[in-house]
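Asker: Quick one: the structure is below, questions incoming.
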Amino acid sequence: MQLTRLGDLVSKTASVFVFGSFTLLAGCAYFESTDVKRGDQHLAAGKWEEATIAYRQALKEAPFDTSLQEKFNLARERAAAQYQEQGRIALKEHHLDLAVEHFKRALSIEPSNPEHQAGLGEALRLKESREHFREADRLPQLGRVDEAMEGYAKSAELDRTFSEPLEGISKLTEDQHARDREDRRK
């Protein structure tokens with residue numbers, strides 16, 4: 001008799017355990033983590049980088065959740081596009097260091113994106129042009145006119161829309177012609 005009661009008790013306990021386990025598992029399917037909720041809030045607010053971080057954290061708990069993976073990828077793509085756009089704006093406003101930073105961030109998210117690569121290349125080219133110009137601009141004061149001409153030429157070559165190097169070449173040429181005329185008068 002006691003064995004029957006013990007068997008019934010074990011059977012009931014096992015049933016409760018199995019039922020509870022299924023209920024728990026079924027409940028997990030409908031349960032959203034705080035990371036997912038936070039990611040959804042950031043996504044709705046257009047805070048792509050923050051959404052990416054939240055979804056990445058949530059994917060640690062549910063790495064095979066395709067819906068979560070899609071949200072993560074969407075947030076990443078939008079974050080990269082946002083950095084791309086910020087880089088373009090910085091380029092137009094000639095904030096070259098900032099443009100380089102934005103394009104690098106876009107590339108850190110989507111390294112094989114040719115638009116991000118081209119944007120970074122353009123920003124670096126324009127930055128190099130400005131560096132050659134600044135260097136060339138100080139050289140005439142040191143008596144290094146030929147090097148200044150080369151620096152201005154390199155700057156103009158790197159950025160054909162940058163007029164200051166051409167003005168520098170013109171000024172150096174005019175100064176040289178004035179010195180030559182002065183030398184002929186002597």
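So you can find residues: chains in the structure tokens are A, B, ... in the order shown, residues in each start at 1, and ligands are numbered from 1 in order.
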I'd like the contact shell of Glu77 (chain A) - 9 Å cut-off, only C-alpha atoms, skipping same-chain residues fewer than 4 positions apart - returned as a VMD selection string.
Answerer: chain A and resid 48 72 to 73 81 to 82 109 to 110
Asker: Excluding Gly46 (chain A) and any residue of its chain fewer than 2 positions from it, enumerate the residues within 12 Å of it, using only C-alpha atoms, and give them as a list in words.
Answerer: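 Using only C-alpha atoms, the neighbours found are Gly39, Asp40, Gln41, His42, Leu43, Ala44, Trp48, Glu49, Glu50, Ala51, Thr52, Leu74, Ala75, Arg76, Arg78, Ala79, Ala81 and Gln82 of chain A.
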Asker: Taking only C-alpha atoms into account, name the residue in A:His132, A:Arg160, A:Lys37, A:Lys47 that is nearest to Ala148 (chain A).
Answerer: A:His132
Asker: Let's see if you can do this: from backbone DSSP, list all alpha helix (DSSP H) residues in region 89-134 of chain A, as JSON, numbers by chain.
Answerer: {"A": [89, 90, 91, 92, 96, 97, 98, 99, 100, 101, 102, 103, 104, 105, 106, 107, 108, 109, 114, 115, 116, 117, 118, 119, 120, 121, 122, 123, 124, 125, 126, 127, 128, 129, 130, 131, 132, 133, 134]}
Asker: If you count only C-alpha atoms, which residues fall within 7 Å of region 88-104 of chain A, apart from same-chain ones fewer than 4 positions away, as a VMD selection string?
Answerer: chain A and resid 83 to 84 108 116 119 to 120 123 to 124 127
Asker: Generate the output file for the selected residues, N, CA and C atoms, as a tab-separated table (two decimals), in the first residue's frame.
Answerer:
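Just written: selection-v5.tsv:
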```
chain	number	residue	atom	x	y	z
A	83	TYR	N	26.37	57.14	-39.98
A	83	TYR	CA	27.76	57.60	-39.96
A	83	TYR	C	28.21	58.02	-41.35
A	84	GLN	N	27.76	57.29	-42.37
A	84	GLN	CA	28.08	57.65	-43.76
A	84	GLN	C	27.55	59.06	-44.06
A	108	SER	N	33.76	50.40	-39.55
A	108	SER	CA	33.89	49.43	-38.46
A	108	SER	C	32.63	48.57	-38.36
A	116	HIS	N	31.42	53.51	-48.01
A	116	HIS	CA	32.17	53.93	-46.82
A	116	HIS	C	33.66	54.03	-47.14
A	119	GLY	N	34.21	57.13	-49.27
A	119	GLY	CA	34.09	58.33	-48.44
A	119	GLY	C	35.34	58.57	-47.61
A	120	LEU	N	35.85	57.49	-47.00
A	120	LEU	CA	37.07	57.61	-46.21
A	120	LEU	C	38.24	58.01	-47.10
A	123	ALA	N	37.96	61.72	-47.92
A	123	ALA	CA	38.27	62.55	-46.76
A	123	ALA	C	39.78	62.57	-46.49
A	124	LEU	N	40.42	61.42	-46.61
A	124	LEU	CA	41.87	61.35	-46.39
A	124	LEU	C	42.64	62.11	-47.47
A	127	LYS	N	42.24	65.78	-46.75
A	127	LYS	CA	43.04	66.10	-45.57
A	127	LYS	C	44.52	66.20	-45.93
```
Asker: Quote the spacing between CA of Gln141 (chain A) and CA of Ile169 (chain A) in Å to one decimal place.
Answerer: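 One can read the CA of Gln141 (chain A) to CA of Ile169 (chain A) distance as 14.2 Å.
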Asker: Please list as a VMD selection string every residue within 10 Å of Ala136 (chain A), counting only C-alpha atoms and excluding residues in the same chain fewer than 2 positions away.
Answerer: chain A and resid 130 to 134 138 to 141 144 to 155 165 168 to 169
Asker: What lies within 12 Å of Glu32 (chain A) using only C-alpha atoms, ignoring chain neighbours under 5 positions off, as a ChimeraX atom specification?
Answerer: /A:27,37-40,55,58-59,61-62,65,67-68
